[in-house]
2 protein chains.
Amino acid sequence: MSRVLRIAAAQMGPTQKADSRAATLARMIALLEEAASRGATLAVFPELAFTTFFPRWLIDGAALDAHFERGMPNPEVQPLFDRAAALGIGFHVGYAELTPEGRRFNTAITVEADGRILGRYRKVHLPGSVEPREGARFQQLEKRYFDYGDAGFPAFRAGPAWHGAITGMMICNDRRWPESWRMLGLQGVELVLVGYNSAAYDPNGGTTEDAGLRTFHSRLVAQANAYMNATWAVAVAKAGEEDGSGLIGGSCIVDPNGLVVAEATTLGDEVVVADCDLDLCRQGKDKMFNFAAHRRPEHYGAITERAGVVEPVPATLI
Amino acid sequence: MSRVLRIAAAQMGPTQKADSRAATLARMIALLEEAASRGATLAVFPELAFTTFFPRWLIDGAALDAHFERGMPNPEVQPLFDRAAALGIGFHVGYAELTPEGRRFNTAITVEADGRILGRYRKVHLPGSVEPREGARFQQLEKRYFDYGDAGFPAFRAGPAWHGAITGMMICNDRRWPESWRMLGLQGVELVLVGYNSAAYDPNGGTTEDAGLRTFHSRLVAQANAYMNATWAVAVAKAGEEDGSGLIGGSCIVDPNGLVVAEATTLGDEVVVADCDLDLCRQGKDKMFNFAAHRRPEHYGAITERAGVVEPVPATLI
């Protein structure tokens with residue numbers, strides 16, 4: 001039985017603060033319709049897809065809350081769910097989650113082609129800072145606005161419409177951390193979905209990175225980690241000039257060899273489609289990356305024992 | 001103070017079973033001399049540099065032992081050490097180690113420009129199998145001939161001639177495992193040295209990989225893991241047609257952005273040189289990959305708890 005899944009990366013151009021929710025949702029539905037018309041059964045939207053990337057602003061109260069979803073779905077986004085169900089296409093989308101208990105997460109869900117929510121992921125690797133950076137034109141305040149994801153990196157086994165694909169999610173900065181990928185790889189992941197909003201300059205205040213280098217980094221980590229975990233990966237940007245701040249594009253679909261099989265060419269709304277044969281993961285999973293045969297966790301202790309660096313003392317002797 | 005280290009990747013062409021030790025050592029000394037003449041203070045040789053890649057053969061007894069070094073240095077390889085000391089250049093080299101207790105390791109050492117052995121590494125990720133693969137023209141018997149490295153992934157702080165570079169080593173297959181890099185990254189590594197003998201076909205018996213794809217994989221993992229750990233990486237091949245079996249080339253020097261700054265263009269003996277500014281590691285280590293600020297080891301448990309895959313059960317509920 002063939003296990004080919006046609007997937008659409010639904011890259012979004014910028015969403016300005018002034019844009020209405022309805023206008024943004026209309027763009028997303030148009031992308032969904034194009035994906036379905038091209039035969040895809042999964043459309044992957046970016047991180048925080050319903051709003052501007054608000055962590056670049058220092059805000060609070062109602063101005064902050066306006067960016068959060070109190071349930072998923074909710075009346076404001078229900079038309080996206082309804083249109084997907086009518087078209088028989090599933091989707092992945094990132095959003096800011098405000099729980100009934102008042103906790104806030106940078107979250108993504110994947111909805112199967114039959115409308116069932118396959119799984120939810122809450123971002124673990126929050127970048128940026130709690131306190132605003134003095135004098136910076138744009139902030140990166142994810143550590144201020146969100147709690148750290150509290151559920152690790154779960155993988156989910158999809159239904160027959162997606163050939164039982166073992167599916168994992170990560171969000172933006174997570175993709176730069178090999179631990180995110182490995183946690184999914186250790187669950188046999190075949191398909192990693194990741195949305196992002198990545199600045200076209202260095203959001204940490206460095207001066208050595210430009211849009212070209214940052215787009216290269218984004219693609220590089222998707223390629224190498226897909227290869228090292230023998231999985232498909234779909235990385236999808238919100239791109240372009242958003243509220244005066246640049247975001248890279250570079251949305252791409254990567255095969256289990258780490259090869260880019262489809263990629264976006266613009267910084268705007270753009271659908272990129274590829275046929276993804278899940279069985280292409282087998283070569284890597286069964287041979288080079290047969291984890292049970294070849295991993296040596298007894299030598300990986302520091303990875304879970306501590307967060308930070310401990311440098312060697314000088315004159316280490318053997 | 002500038003922390004620029006001029007490094008030479010000393011790629012070696014094939015070494016046939018019939019080649020004498022003296023002939024191989026003469027080639028290595030020629031490479032060392034070229035590296036020194038171009039101003040390098042470190043020359044990086046490949047894995048198992050003194051012999052053919054013997055794990056492709058099922059052998060035992062004296063035929064096997066002939067490939068092992070009983071000490072390092074030893075009289076047979078002393079001329080390499082002597083010439084390096086005379087030239088004021090250090091080197092990294094891989095070899096098969098037979099200890100006084102009779103243990104066997106796939107080992108590498110790094111020797112500083114003053115002749116001091118900075119450190120030793122014993123390969124952790126042994127590929128291949130213990131038992132020969134029936135009907136295969138070439139074997140991959142590292143699991144038969146070597147013990148697993150027993151000392152993890154130590155990093156070493158070099159002396160002033162190398163600007164105190166925090167230096168790590170890995171060997172061949174190790175470079176495909178992000179855990180190897182992360183163990184070094186957690187020690188603040190600035191320079192990763194890795195030699196390899198990588199087949200130009202799939203040594204695991206698969207049929208979907210050719211030399212081009214395998215060279216791409218080799219470079220990809222060096223680039224991405226250098227970037228994700230904000231380190232320089234020097235990856236050096238033994239290349240070409242060796243005992244009738246093809247080995248990829250693709251030796252390269254990679255900067256902490258994951259960019260290839262120098263690479264080999266042949267499958268033979270070839271020296272590639274680059275000036276490596278160790279302070280280029282700081283941007284990544286202090287910002288994007290500030291591990292203490294951004295890693296979340298409480299969510300990495302499975303990485304050290306188990307070796308193999310545990311797939312999710314169907315119909316996982318959120």
# chains A, B, ... in the order shown; residues from 1 in each chain; ligands from 1
call {"tool": "select_by_dssp", "arguments": {"residues": "stretch 176-210 of chain A", "states": "strand (DSSP E)", "output": "list in words"}}
result
Leu191, Val192, Leu193, Val194, Gly195 and Tyr196 of chain A
call {"tool": "residues_around", "arguments": {"residues": "A:Glu263", "least_positions_apart": "5", "cutoff": "8 Å", "atoms": "only C-alpha atoms", "output": "PyMOL selection string"}}
result
chain A and resi 250-253+272
call {"tool": "write_last_selection", "arguments": {"atoms": "N, CA and C atoms", "output": "short mmCIF file (atom, residue, chain, number, x, y, z; two decimals), in the first residue's frame"}}
result
data_model
loop_
_atom_site.label_atom_id
_atom_site.label_comp_id
_atom_site.auth_asym_id
_atom_site.auth_seq_id
_atom_site.Cartn_x
_atom_site.Cartn_y
_atom_site.Cartn_z
N GLY A 250 11.18 31.38 3.10
CA GLY A 250 11.94 30.13 3.06
C GLY A 250 11.15 28.90 3.46
N SER A 251 9.83 28.99 3.43
CA SER A 251 9.02 27.81 3.74
C SER A 251 9.44 26.65 2.84
N CYS A 252 9.54 25.45 3.41
CA CYS A 252 10.01 24.34 2.60
C CYS A 252 9.48 23.01 3.10
N ILE A 253 9.49 22.05 2.20
CA ILE A 253 9.13 20.67 2.52
C ILE A 253 10.39 19.84 2.28
N VAL A 272 2.85 25.89 -1.37
CA VAL A 272 3.86 25.02 -1.96
C VAL A 272 3.43 23.59 -1.65
#
call {"tool": "closest_atom_pairs", "arguments": {"of": "chain B", "to": "chain A", "cutoff": "7 Å", "atoms": "only C-alpha atoms", "output": "tab-separated table"}}
result
residue	atom	partner	partner_atom	distance
B:Gly119	CA	A:Ile318	CA	6.0
B:Arg120	CA	A:Ile318	CA	6.8
B:His125	CA	A:His294	CA	6.4
B:Pro127	CA	A:His294	CA	6.7
B:Gly152	CA	A:His299	CA	5.1
B:Ala155	CA	A:Pro312	CA	6.4
B:Phe156	CA	A:Pro312	CA	6.1
B:Arg157	CA	A:Pro314	CA	5.3
B:Arg176	CA	A:Met228	CA	6.5
B:Trp177	CA	A:Met228	CA	6.9
B:Pro178	CA	A:Pro178	CA	6.5
B:Glu179	CA	A:Tyr300	CA	6.5
B:Met183	CA	A:Ala302	CA	6.6
B:Leu186	CA	A:Val309	CA	4.5
B:Gln187	CA	A:Glu311	CA	4.5
B:Gly188	CA	A:Glu311	CA	5.4
B:Asn204	CA	A:Lys287	CA	6.1
B:Gly206	CA	A:Gln283	CA	6.9
B:Leu220	CA	A:Ala224	CA	5.9
B:Val221	CA	A:Ala224	CA	5.8
B:Ala224	CA	A:Val221	CA	5.8
B:Met228	CA	A:Arg176	CA	6.5
B:Gln283	CA	A:Gly206	CA	6.9
B:Lys287	CA	A:Asn204	CA	6.1
B:Phe291	CA	A:Gly308	CA	4.7
B:Ala292	CA	A:Gly308	CA	3.8
B:His294	CA	A:His125	CA	6.4
B:Arg295	CA	A:Ala307	CA	5.4
B:Arg296	CA	A:Ala307	CA	6.6
B:Pro297	CA	A:Thr304	CA	4.9
B:Glu298	CA	A:Thr304	CA	7.0
B:His299	CA	A:Gly152	CA	5.1
B:Tyr300	CA	A:Thr304	CA	6.1
B:Gly301	CA	A:Thr304	CA	6.4
B:Ala302	CA	A:Met183	CA	6.6
B:Ile303	CA	A:Met183	CA	6.6
B:Thr304	CA	A:Pro297	CA	4.9
B:Arg306	CA	A:Pro297	CA	6.6
B:Ala307	CA	A:Ala292	CA	5.0
B:Gly308	CA	A:Ala292	CA	3.8
B:Val309	CA	A:Leu186	CA	4.5
B:Val310	CA	A:Gln187	CA	5.0
B:Glu311	CA	A:Gln187	CA	4.5
B:Pro312	CA	A:Phe156	CA	6.1
B:Val313	CA	A:Arg157	CA	6.8
B:Pro314	CA	A:Arg157	CA	5.3
B:Ala315	CA	A:Arg157	CA	6.6
B:Thr316	CA	A:Phe156	CA	6.1
B:Ile318	CA	A:Gly119	CA	6.0
call {"tool": "residues_around", "arguments": {"residues": "A:Leu64", "least_positions_apart": "2", "cutoff": "12 Å", "atoms": "only C-alpha atoms", "output": "list in words"}}
result
Lys17, Thr51, Thr52, Phe53, Phe54, Pro55, Arg56, Trp57, Leu58, Ile59, Asp60, Gly61, Ala62, Ala66, His67, Phe68, Glu69, Ala96, Glu97, Leu98, Arg104, Leu141, Arg144, Tyr145 and Phe146 of chain A
call {"tool": "closest_atom_pairs", "arguments": {"of": "stretch 47-157 of chain B", "to": "stretch 234-237 of chain B", "cutoff": "12 Å", "atoms": "only C-alpha atoms", "output": "tab-separated table"}}
result
residue	atom	partner	partner_atom	distance
B:Glu47	CA	B:Ala237	CA	7.6
B:Leu48	CA	B:Ala237	CA	10.2
B:Ala49	CA	B:Ala237	CA	9.4
B:Phe53	CA	B:Ala237	CA	11.6
B:His92	CA	B:Val236	CA	10.2
B:Val93	CA	B:Val236	CA	10.0
B:Gly94	CA	B:Val236	CA	10.5
call {"tool": "residues_around", "arguments": {"residues": "B:Met170", "least_positions_apart": "2", "cutoff": "7 Å", "atoms": "only C-alpha atoms", "output": "PDB file with C-alpha atoms, in the first residue's frame"}}
result
ATOM      1  CA  LYS B 123      34.604   6.271  19.114  1.00  0.00           C
ATOM      2  CA  GLY B 168      36.465  18.210  20.878  1.00  0.00           C
ATOM      3  CA  CYS B 172      33.062   9.279  11.387  1.00  0.00           C
ATOM      4  CA  ASP B 174      29.553  10.040  15.462  1.00  0.00           C
ATOM      5  CA  ARG B 175      29.017  13.144  13.336  1.00  0.00           C
ATOM      6  CA  LEU B 193      37.722  17.649  14.719  1.00  0.00           C
ATOM      7  CA  VAL B 194      36.293  14.642  12.929  1.00  0.00           C
TER       8      VAL B 194
END
call {"tool": "residues_around", "arguments": {"residues": "B:Gln16", "least_positions_apart": "6", "cutoff": "12 Å", "atoms": "only C-alpha atoms", "output": "JSON, numbers by chain"}}
result
{"B": [23, 24, 49, 50, 51, 52, 53, 54, 238, 239, 240, 241, 242, 243, 244, 245, 246]}
call {"tool": "write_last_selection", "arguments": {"atoms": "N, CA and C atoms", "output": "PDB file, in the first residue's frame"}}
result
ATOM      1  N   ALA B  23      55.081   3.804   3.331  1.00  0.00           N
ATOM      2  CA  ALA B  23      54.585   4.610   2.214  1.00  0.00           C
ATOM      3  C   ALA B  23      53.438   5.512   2.673  1.00  0.00           C
ATOM      4  N   THR B  24      52.549   4.963   3.500  1.00  0.00           N
ATOM      5  CA  THR B  24      51.418   5.754   3.989  1.00  0.00           C
ATOM      6  C   THR B  24      51.922   6.900   4.868  1.00  0.00           C
ATOM      7  N   ALA B  49      43.829   6.466   9.916  1.00  0.00           N
ATOM      8  CA  ALA B  49      44.607   7.084   8.850  1.00  0.00           C
ATOM      9  C   ALA B  49      45.811   6.259   8.415  1.00  0.00           C
ATOM     10  N   PHE B  50      46.279   5.365   9.287  1.00  0.00           N
ATOM     11  CA  PHE B  50      47.530   4.662   8.976  1.00  0.00           C
ATOM     12  C   PHE B  50      47.335   3.402   8.130  1.00  0.00           C
ATOM     13  N   THR B  51      46.078   3.009   7.912  1.00  0.00           N
ATOM     14  CA  THR B  51      45.806   1.739   7.220  1.00  0.00           C
ATOM     15  C   THR B  51      44.613   1.889   6.284  1.00  0.00           C
ATOM     16  N   THR B  52      44.365   0.845   5.548  1.00  0.00           N
ATOM     17  CA  THR B  52      43.096   0.754   4.824  1.00  0.00           C
ATOM     18  C   THR B  52      41.956   0.667   5.843  1.00  0.00           C
ATOM     19  N   PHE B  53      40.725   0.921   5.376  1.00  0.00           N
ATOM     20  CA  PHE B  53      39.573   0.792   6.275  1.00  0.00           C
ATOM     21  C   PHE B  53      39.258  -0.706   6.422  1.00  0.00           C
ATOM     22  N   PHE B  54      39.984  -1.348   7.328  1.00  0.00           N
ATOM     23  CA  PHE B  54      39.927  -2.817   7.405  1.00  0.00           C
ATOM     24  C   PHE B  54      38.596  -3.395   7.885  1.00  0.00           C
ATOM     25  N   LYS B 238      39.065  10.069   4.462  1.00  0.00           N
ATOM     26  CA  LYS B 238      39.877   9.209   3.603  1.00  0.00           C
ATOM     27  C   LYS B 238      38.959   8.867   2.444  1.00  0.00           C
ATOM     28  N   ALA B 239      39.410   9.131   1.222  1.00  0.00           N
ATOM     29  CA  ALA B 239      38.529   9.192   0.055  1.00  0.00           C
ATOM     30  C   ALA B 239      39.038   8.309  -1.079  1.00  0.00           C
ATOM     31  N   GLY B 240      38.157   8.061  -2.037  1.00  0.00           N
ATOM     32  CA  GLY B 240      38.568   7.410  -3.280  1.00  0.00           C
ATOM     33  C   GLY B 240      38.398   5.903  -3.265  1.00  0.00           C
ATOM     34  N   GLU B 241      38.918   5.269  -4.288  1.00  0.00           N
ATOM     35  CA  GLU B 241      38.756   3.822  -4.477  1.00  0.00           C
ATOM     36  C   GLU B 241      39.787   3.076  -3.647  1.00  0.00           C
ATOM     37  N   GLU B 242      39.328   2.475  -2.552  1.00  0.00           N
ATOM     38  CA  GLU B 242      40.226   1.801  -1.630  1.00  0.00           C
ATOM     39  C   GLU B 242      39.891   0.316  -1.611  1.00  0.00           C
ATOM     40  N   ASP B 243      40.833  -0.496  -1.990  1.00  0.00           N
ATOM     41  CA  ASP B 243      40.597  -1.946  -2.027  1.00  0.00           C
ATOM     42  C   ASP B 243      39.319  -2.300  -2.793  1.00  0.00           C
ATOM     43  N   GLY B 244      39.059  -1.529  -3.850  1.00  0.00           N
ATOM     44  CA  GLY B 244      37.901  -1.826  -4.693  1.00  0.00           C
ATOM     45  C   GLY B 244      36.582  -1.298  -4.182  1.00  0.00           C
ATOM     46  N   SER B 245      36.636  -0.583  -3.069  1.00  0.00           N
ATOM     47  CA  SER B 245      35.412  -0.040  -2.476  1.00  0.00           C
ATOM     48  C   SER B 245      35.511   1.477  -2.443  1.00  0.00           C
ATOM     49  N   GLY B 246      34.455   2.163  -2.835  1.00  0.00           N
ATOM     50  CA  GLY B 246      34.504   3.622  -2.932  1.00  0.00           C
ATOM     51  C   GLY B 246      34.275   4.312  -1.608  1.00  0.00           C
TER      52      GLY B 246
END
call {"tool": "select_by_dssp", "arguments": {"residues": "stretch 171-207 of chain A", "states": "helix (DSSP H, G or I)", "output": "PyMOL selection string"}}
result
chain A and resi 172-176+178-185
call {"tool": "atom_distance", "arguments": {"atom1": "atom CA of B:Asn197", "atom2": "atom CA of B:Asp255"}}
result
22.0 Å
call {"tool": "atom_distance", "arguments": {"atom1": "atom CA of A:Gly115", "atom2": "atom CA of A:Ala10"}}
result
18.0 Å
call {"tool": "atom_distance", "arguments": {"atom1": "atom CA of A:Thr41", "atom2": "atom CA of A:Met72"}}
result
20.4 Å
